[in-house]
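Asks: Here it is, the structure in full.
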Amino acid sequence: MSNTLSLKDARRIALAAQGFGMRRPERPTVGSLRKTADRLGLFQIDSVNVLIRAHYLPAFSRLGSYDRTLLERDAWGPLRQRRLFEYWAHEASLLPLDLHPLLRWRMARAERGEIGYQALKRFAAERRPEAAAILERITAEGPLTAADFENGSSKSGWWEWSHTKHALEWLFWSGRITTATRRGSFARVYDLPERVLPNAILDLPTPDAASAQCALIERSARALGVATAADLRDYYRLKPEEADHAIAVQAEAGILVPVRVEGWSQKAWMHRDAHLPRRVRGAALLAPFDPLVWERGRTERLFGFRYRIEIYVPQDKRIHGYYVLPFLLDEALVARVDLKADRQARILLAHRITLEPDAPAETLERLGIELDRMAAWLDLDAVRVGEVIQVG
């Protein structure tokens, strides 16, 4: 028989699992950053840089003004300092190193051409010699970017990748190369895993696919607190046939506890170690790719907050703005802020603030504190607010 959770309790469990409601450290350390990475299980990477690149923001939302070079060192620093690696998880992501063995089954499937888009799969078959030649060059010459294979300049845009970029991406998906660092406009610099990742990680045994998928589902459940099967699959982008058996195994082991959540039509699962706080207090601006809100259906179920990113929507058809961050106040999403870092003018621009119908009276004051905090963290001198809209 399933336990029943009120929607309020489900929200509190989810927020606590994601690291909200705890007192922020006065001076975040590399230790607190690594605890956040382990708790979340990944930082999603995105190319948009109108504010700051997305992988920096989840730690800021939870820790406050941390030193971004700590994250850069963990992700792309000297080998002995590495604590994160890049791979496809929930989209392109930075992941704690202990997840590397749990994703090797995906690398193996990519190597065999069983996953990935069609242009990628060709390099597992008839175009494999071209990829092999690229791999040989990286082996001989050391770290290289895609532009290094194209006479020093990238000739292709995001939607018109060259054959070289497709080959590099296939080698990356298959685990034959990884990201050594990032350069210039955030371009990947590729190298062999054995020259980038610690031997202690590469030497770990490779679990079979079913066992790895079980472990990934457990990590998803721990990070989410309470979730539907679709939520659990989405965290590391598992297909139903990859995740459903894992959910059943973890339920049989008592790690996943079946629950019903008030107002949810879907069955839900709660991690057995999930914590239900008496209340959650705090304020945070959330990246569009923050794991608390990246699954839009879950965000609507948990918070009654319909959220869509409008980057690819024509300007005249946008409702809330280009790069809109939800504002979390205590246990509710109460506002949306369209933000831009004007680095030349050294101003954090809040083009538009949209308040939800039930936003409490102190919303703008608390939001102002977080905007000031973000401006200082981004080394900007001031915050400039455009229009403020009250919905409802």
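FYI, nothing fancy with the structure tokens labels: chains A, B, ... in order, residues from 1 per chain, ligands from 1 as they appear.
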Residues within 8 Å of segment 168-181 of chain A, please, as number ranges by chain. Count only C-alpha atoms; anything in the same chain fewer than 3 positions from it doesn't count.

Replies: A: 75-77, 85-88, 104, 106-111, 120-121, 123-124, 131, 134-135, 143, 146, 164-165, 188-193, 196

Asks: Report as a PyMOL selection string all protein, DNA and RNA residues lying within 8 Å of segment 212-221 of chain A, evaluated on only C-alpha atoms, omitting residues in the same chain fewer than 5 positions from it.

Replies: chain A and resi 41+101-103+105+207+226-227+232-233+235-236+242-243+245-247+249-250+255-256+269-271

Asks: Using only C-alpha atoms, which residues sit within 8 Å of Tyr322 of chain A once same-chain residues fewer than 5 positions away are excluded, as a PyMOL selection string?

Replies: chain A and resi 309-311+315+338

Asks: Write the residues you've just listed into a file as a PDB file, in the first residue's frame, and include N, CA, C and O atoms for each of them.

Replies:
ATOM      1  N   ILE A 309      11.271  27.983 -21.547  1.00  0.00           N
ATOM      2  CA  ILE A 309      12.349  28.885 -21.931  1.00  0.00           C
ATOM      3  C   ILE A 309      12.048  29.411 -23.333  1.00  0.00           C
ATOM      4  O   ILE A 309      11.601  28.664 -24.210  1.00  0.00           O
ATOM      5  N   GLU A 310      12.265  30.708 -23.532  1.00  0.00           N
ATOM      6  CA  GLU A 310      11.829  31.360 -24.769  1.00  0.00           C
ATOM      7  C   GLU A 310      12.991  31.851 -25.632  1.00  0.00           C
ATOM      8  O   GLU A 310      12.819  32.727 -26.480  1.00  0.00           O
ATOM      9  N   ILE A 311      14.154  31.254 -25.448  1.00  0.00           N
ATOM     10  CA  ILE A 311      15.328  31.649 -26.228  1.00  0.00           C
ATOM     11  C   ILE A 311      15.057  31.536 -27.721  1.00  0.00           C
ATOM     12  O   ILE A 311      15.456  32.394 -28.513  1.00  0.00           O
ATOM     13  N   GLN A 315      11.178  37.283 -30.863  1.00  0.00           N
ATOM     14  CA  GLN A 315      11.088  38.299 -29.815  1.00  0.00           C
ATOM     15  C   GLN A 315       9.668  38.812 -29.618  1.00  0.00           C
ATOM     16  O   GLN A 315       9.202  38.998 -28.490  1.00  0.00           O
ATOM     17  N   ASP A 338      13.768  38.264 -16.298  1.00  0.00           N
ATOM     18  CA  ASP A 338      14.505  38.227 -17.560  1.00  0.00           C
ATOM     19  C   ASP A 338      15.815  38.979 -17.361  1.00  0.00           C
ATOM     20  O   ASP A 338      15.822  40.215 -17.258  1.00  0.00           O
TER      21      ASP A 338
END

Asks: Determine the nearest neighbour of Glu331 of chain A from the options A:Gly113, A:Gly21, A:Gly386, A:Pro240, counting only C-alpha atoms.

Replies: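 Under the stated criterion, the closest residue is A:Gly21.
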
Asks: For each of A:Arg384, A:Arg82, A:Arg366, A:His100, take the minimum atom-to-atom distance to Gly282 of chain A, counting only C-alpha atoms, then give the residue where this is smallest.

Replies: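 When distances to Gly282 of chain A are compared using only C-alpha atoms, the smallest one comes from A:Arg366.
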
Asks: Please, which residues of segment 214-384 of chain A, numbered as in this document, come out strand (DSSP E or B) from DSSP, as a ChimeraX atom specification?

Replies: /A:226-228,256-261,268-271,283-285,324-329,332-342,347-355,382-384

Asks: With C-alpha atoms retained, export the selected residues as a tab-separated table (two decimals), in the first residue's frame.

Replies:
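Result saved to selection_36.tsv:
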chain	number	residue	atom	x	y	z
A	226	VAL	CA	10.10	12.27	-4.66
A	227	ALA	CA	9.45	11.65	-8.34
A	228	THR	CA	7.42	9.83	-10.95
A	256	LEU	CA	12.40	3.38	-3.67
A	257	VAL	CA	9.21	3.66	-1.63
A	258	PRO	CA	5.90	3.93	-3.54
A	259	VAL	CA	3.89	7.03	-2.67
A	260	ARG	CA	0.85	8.92	-3.85
A	261	VAL	CA	1.15	12.69	-4.09
A	268	ALA	CA	5.37	8.36	-7.51
A	269	TRP	CA	8.46	7.06	-5.76
A	270	MET	CA	10.29	8.47	-2.76
A	271	HIS	CA	13.90	7.67	-1.91
A	283	ALA	CA	15.57	32.60	-1.69
A	284	ALA	CA	17.25	31.68	-4.95
A	285	LEU	CA	17.32	32.59	-8.62
A	324	VAL	CA	14.19	34.07	-17.71
A	325	LEU	CA	15.11	32.75	-14.27
A	326	PRO	CA	12.39	31.56	-11.88
A	327	PHE	CA	12.65	33.04	-8.40
A	328	LEU	CA	12.27	30.60	-5.51
A	329	LEU	CA	11.08	32.15	-2.28
A	332	ALA	CA	7.18	28.56	-3.86
A	333	LEU	CA	8.19	29.86	-7.27
A	334	VAL	CA	6.87	33.41	-7.02
A	335	ALA	CA	8.40	35.39	-9.89
A	336	ARG	CA	10.28	35.29	-13.19
A	337	VAL	CA	13.18	37.58	-14.05
A	338	ASP	CA	14.50	38.23	-17.56
A	339	LEU	CA	18.20	38.81	-16.89
A	340	LYS	CA	21.22	39.94	-18.84
A	341	ALA	CA	24.74	40.76	-17.72
A	342	ASP	CA	25.78	43.94	-19.54
A	347	ILE	CA	25.24	46.35	-14.97
A	348	LEU	CA	22.96	43.42	-14.24
A	349	LEU	CA	19.85	44.15	-16.29
A	350	ALA	CA	16.51	42.81	-15.11
A	351	HIS	CA	14.56	43.66	-18.24
A	352	ARG	CA	11.30	42.44	-16.79
A	353	ILE	CA	10.15	41.04	-13.46
A	354	THR	CA	6.89	39.11	-13.59
A	355	LEU	CA	5.25	38.40	-10.24
A	382	ALA	CA	24.78	47.73	-10.14
A	383	VAL	CA	21.35	46.28	-10.88
A	384	ARG	CA	18.96	48.00	-13.25

Asks: Any chance you could list, as an NGL selection string, the residues in segment 110-262 of chain A that come up helix (DSSP H, G or I) when DSSP is run on the backbone?

Replies: :A and (110-111 or 118-124 or 128-141 or 147-149 or 163-173 or 193-196 or 199-202 or 209-224 or 229-235 or 240-252)

Asks: In terms of the shortest atom-to-atom distance over only C-alpha atoms, which of A:Thr29, A:Asn49, A:Thr36, A:Asn3 is closest to Phe186 of chain A?

Replies: A:Asn49

Asks: Using only C-alpha atoms, determine which residues lie at most 7 Å from Leu97 of chain A, disregarding the query and same-chain residues fewer than 4 positions distant; provide the list as a PyMOL selection string.

Replies: chain A and resi 83-85+201

Asks: Would you export the selected residues with all heavy atoms as a tab-separated table (two decimals), in the first residue's frame, please?

Replies:
chain	number	residue	atom	x	y	z
A	83	ARG	N	37.74	16.67	-10.35
A	83	ARG	CA	36.66	16.00	-9.63
A	83	ARG	C	35.42	15.83	-10.51
A	83	ARG	O	34.47	15.18	-10.10
A	83	ARG	CB	36.26	16.82	-8.38
A	83	ARG	CG	37.34	16.90	-7.32
A	83	ARG	CD	37.69	15.54	-6.74
A	83	ARG	NE	38.65	15.64	-5.64
A	83	ARG	CZ	39.96	15.69	-5.80
A	83	ARG	NH1	40.49	15.68	-7.03
A	83	ARG	NH2	40.76	15.76	-4.75
A	84	LEU	N	35.43	16.42	-11.72
A	84	LEU	CA	34.30	16.36	-12.62
A	84	LEU	C	34.78	15.99	-14.02
A	84	LEU	O	35.94	16.21	-14.37
A	84	LEU	CB	33.58	17.72	-12.69
A	84	LEU	CG	33.05	18.31	-11.38
A	84	LEU	CD1	32.63	19.76	-11.59
A	84	LEU	CD2	31.89	17.49	-10.84
A	85	PHE	N	33.88	15.42	-14.81
A	85	PHE	CA	34.19	15.15	-16.21
A	85	PHE	C	32.97	15.49	-17.05
A	85	PHE	O	31.85	15.56	-16.55
A	85	PHE	CB	34.62	13.69	-16.42
A	85	PHE	CG	33.48	12.68	-16.34
A	85	PHE	CD1	32.96	12.12	-17.49
A	85	PHE	CD2	32.95	12.30	-15.11
A	85	PHE	CE1	31.91	11.20	-17.43
A	85	PHE	CE2	31.92	11.37	-15.04
A	85	PHE	CZ	31.39	10.82	-16.20
A	201	ILE	N	40.02	6.34	-11.43
A	201	ILE	CA	38.66	6.28	-11.97
A	201	ILE	C	38.61	5.35	-13.17
A	201	ILE	O	37.72	4.49	-13.29
A	201	ILE	CB	38.18	7.69	-12.36
A	201	ILE	CG1	38.07	8.57	-11.11
A	201	ILE	CG2	36.85	7.63	-13.10
A	201	ILE	CD1	37.08	8.07	-10.07

Asks: Excluding segment 275-281 of chain A and residues on its chain fewer than 2 positions from it, collect all residues at most 7 Å away from it, counting only C-alpha atoms, and give them as a PyMOL selection string.

Replies: chain A and resi 9+12-13+16+21+273+330-331

Asks: Could you please take those selected residues and save N, CA and C atoms as a PDB file, in the first residue's frame?

Replies:
ATOM      1  N   ASP A   9       4.102  18.672   1.351  1.00  0.00           N
ATOM      2  CA  ASP A   9       5.195  17.819   1.822  1.00  0.00           C
ATOM      3  C   ASP A   9       6.072  17.350   0.664  1.00  0.00           C
ATOM      4  N   ARG A  12       8.444  20.099  -0.107  1.00  0.00           N
ATOM      5  CA  ARG A  12       9.511  20.203   0.893  1.00  0.00           C
ATOM      6  C   ARG A  12      10.544  19.103   0.716  1.00  0.00           C
ATOM      7  N   ILE A  13      10.093  17.898   0.437  1.00  0.00           N
ATOM      8  CA  ILE A  13      11.029  16.803   0.198  1.00  0.00           C
ATOM      9  C   ILE A  13      11.894  17.094  -1.017  1.00  0.00           C
ATOM     10  N   ALA A  16      14.434  19.938  -0.238  1.00  0.00           N
ATOM     11  CA  ALA A  16      15.507  19.473   0.640  1.00  0.00           C
ATOM     12  C   ALA A  16      16.469  18.567  -0.121  1.00  0.00           C
ATOM     13  N   GLY A  21      16.995  25.280   1.538  1.00  0.00           N
ATOM     14  CA  GLY A  21      16.541  25.345   2.919  1.00  0.00           C
ATOM     15  C   GLY A  21      17.651  25.265   3.941  1.00  0.00           C
ATOM     16  N   ASP A 273      15.773   7.480   1.904  1.00  0.00           N
ATOM     17  CA  ASP A 273      16.517   8.407   2.765  1.00  0.00           C
ATOM     18  C   ASP A 273      16.051   9.849   2.616  1.00  0.00           C
ATOM     19  N   ASP A 330      11.271  30.708  -0.353  1.00  0.00           N
ATOM     20  CA  ASP A 330      10.858  29.687   0.607  1.00  0.00           C
ATOM     21  C   ASP A 330      10.403  28.435  -0.153  1.00  0.00           C
ATOM     22  N   GLU A 331       9.107  28.151  -0.170  1.00  0.00           N
ATOM     23  CA  GLU A 331       8.627  26.892  -0.760  1.00  0.00           C
ATOM     24  C   GLU A 331       7.842  27.101  -2.047  1.00  0.00           C
TER      25      GLU A 331
END

Asks: Would you work out the distance separating atom CA of Leu79 of chain A from atom CA of Ser185 of chain A, expressed in Å to one decimal?

Replies: 22.5 Å

Asks: Residues of segment 54-91 of chain A within 12 Å of segment 293-307 of chain A: nearest atom pair and distance (Å, one decimal) for each, counting only C-alpha atoms, sorted by chain and number, as a Markdown table?

Replies:
| residue | atom | partner | partner_atom | distance |
| --- | --- | --- | --- | --- |
| A:Ala54 | CA | A:Trp294 | CA | 11.7 |
| A:Pro58 | CA | A:Val293 | CA | 10.9 |
| A:His90 | CA | A:Trp294 | CA | 9.5 |
| A:Glu91 | CA | A:Trp294 | CA | 10.9 |

Asks: Give me the residues within 9 Å of Trp377 of chain A as a tab-separated table (two decimals) with C-alpha atoms, in the first residue's frame, counting only C-alpha atoms and dropping any in the same chain fewer than 3 places off.

Replies:
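This went into part_5.tsv:
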chain	number	residue	atom	x	y	z
A	60	PHE	CA	25.26	29.85	-6.82
A	64	GLY	CA	25.61	31.98	-2.78
A	65	SER	CA	28.71	33.81	-4.01
A	66	TYR	CA	31.27	31.05	-4.50
A	67	ASP	CA	34.54	31.35	-6.39
A	372	ASP	CA	22.40	42.45	-5.69
A	373	ARG	CA	24.12	39.24	-4.61
A	374	MET	CA	24.25	38.00	-8.20
A	380	LEU	CA	29.02	43.97	-11.90

Asks: So that I can see what lies close to Tyr56 of chain A, please list as an MDAnalysis selection string the residues with an atom at most 12 Å from it, counting only C-alpha atoms and leaving out residues fewer than 6 positions away in the same chain.

Replies: chainID A and resid 33 36:37 42:47 49 62:72 75 93:94 286:290 374 377:378

Asks: Give the answer as one residue: which of A:Arg128, A:Glu356, A:Leu371, A:Asp379 has the shortest atom-to-atom distance to Val391 of chain A, using only C-alpha atoms?

Replies: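 Residue with the minimum atom-to-atom distance to Val391 of chain A: A:Glu356.
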
Asks: Tell me, in Å to one decimal, how far atom CA of Arg127 of chain A is from atom CA of Arg112 of chain A.

Replies: 12.4 Å

Asks: Using only C-alpha atoms, which residue out of A:Thr206, A:Gln18, A:Thr4, A:Thr363 lies closest to Val388 of chain A?

Replies: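 Smallest distance to Val388 of chain A is found for A:Thr363.
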
Asks: Could you please determine the separation between atom CA of Arg122 of chain A and atom CA of Glu241 of chain A in Å, to one decimal place?

Replies: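 Interatomic distance here is 24.1 Å.
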